[in-house]
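Some notes on the structure that comes next.
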Amino acid sequence: MSQEWNIRSRGHVCSFCEKPLVDKAPLISALKETPGGYERFDCHPECWKTAERDWKPFSQWDGVYFAPVKEEKKEALKKEDAGELLRKLMTLDDPAMKNVVYVLAVMLERSKILVERDAKELEDGTIRRVYEDRKQGDTFVILDPRLRLENLGEVQQQVVALLSGTKTLGEVAQEEEAAEPAAEAPADEEPQSEAK
Ligand SMILES: [Zn+2]
């Protein structure tokens with residue numbers, strides 16, 4: 001699997017009929033797996049029902065479309081920074097940062113910025129969680145590294161250090177690489193408790 005995570009923005013027109021999506025109206029979103037990554041569909045529920053498709057969605061969920069809004073008041077500065085950090089990390093796509101990416105997504109979910117839309121176990125046993133930004137509608141497909149509880153605190157501290165600027169991305173990536181000397185083994189050797 002070449003792409004462990006992906007950002008896909010919500011569309012503003014229906015993927016099938018290409019008419020605009022209506023503010024605050026229900027919509028159906030879906031991700032299709034393609035060799036080049038995930039392709040995202042956003043569409044009117046009727047169009048989803050009636051359109052001819054010869055593929056099965058990787059993930060599919062009901063949502064509500066919100067027309068884009070102008071930048072709001074800047075008071076929730078920390079939270080916006082966390083969202084920006086997540087986007088930056090997703091773009092970097094550095095496997096060493098997988099724990100940091102996941103913990104950051106969970107933190108954003110707890111502060112109601114993201115909502116988990118789906119979780120998929122792939123054939124290799126790994127789990128991908130689909131998070132959606134409640135306001136902006138972007139989708140993040142994130143590898144669940146099945147962190148052990150005893151490692152959770154450490155990763156949280158790294159996230160906090162990144163957000164407060166006391167550590168750089170490069171420093172954290174090095175720490176993460178050092179903490180995980182064994183190259184990613186696809187098979188789980190021990191049962192791992194899921195930290196969520
Ligand atoms: Zn439509």
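The chains in the structure tokens are called A, B, ... from first to last as shown; in each chain the residues are counted from 1, and the ligands are counted from 1 in the order shown.
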Residues within 6 Å of ligand 1, counting only C-alpha atoms and all ligand atoms: report them as a count of residues only.
7
Test item, alpha helix (DSSP H) assignment across chain A, answer as a ChimeraX atom specification
/A:45-50,77-92,98-110,149-164,169-179
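Every protein, DNA or RNA residue with an atom at most 6 Å from A:Asp133, where only C-alpha atoms count and chain neighbours fewer than 5 positions away do not, is listed here: Ile113, Leu114 and Asp138 of chain A.
Considering only C-alpha atoms, the residue among A:Val101, A:Ala51, A:Ala30, A:Val106 positioned nearest to A:Lys88 is A:Val101.
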List every residue of stretch 16-111 of chain A that DSSP, applied to the backbone of this structure, places in strand (DSSP E or B), and write the result as a ChimeraX atom specification.
/A:20,26-34,37-43,59-64
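Computed from the coordinates, the atom CA of A:Phe140 to atom CA of A:Arg8 distance equals 6.6 Å.
Distances here use only C-alpha atoms; by that measure, the residue among A:Thr168, A:Gln174, A:Thr139, A:Ser111 closest to A:Glu39 is A:Thr139.
For the choices A:Glu84, A:Ser59, A:Lys32, A:Ala173, the atom-to-atom distance to A:Arg128 is smallest for A:Ser59 when using only C-alpha atoms.
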Would you mind telling me which residue in A:Pro20, A:Asp94, A:Arg53, A:Asn99 lies nearest to A:Arg148 when using only C-alpha atoms?
A:Asn99
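Closest to A:Asp23 among A:Val64, A:Val160, A:Ile7, A:Leu86 is A:Val64, based on only C-alpha atoms.
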For A:Ala96, please output as a ChimeraX atom specification all residues within 10 Å (counting only C-alpha atoms; exclusion window: fewer than 5 positions along the same chain).
/A:101,172-180,184
Write the residues of the selection above to a file with C-alpha atoms, as a tab-separated table (two decimals), in the first residue's frame.
chain	number	residue	atom	x	y	z
A	101	VAL	CA	-0.63	11.73	12.99
A	172	VAL	CA	10.04	14.43	16.43
A	173	ALA	CA	10.52	12.28	13.33
A	174	GLN	CA	13.99	11.33	14.58
A	175	GLU	CA	12.66	10.44	18.01
A	176	GLU	CA	9.96	8.32	16.46
A	177	GLU	CA	12.42	6.50	14.25
A	178	ALA	CA	14.67	5.85	17.24
A	179	ALA	CA	11.75	4.57	19.29
A	180	GLU	CA	10.87	2.03	16.64
A	184	GLU	CA	7.62	-2.05	10.32
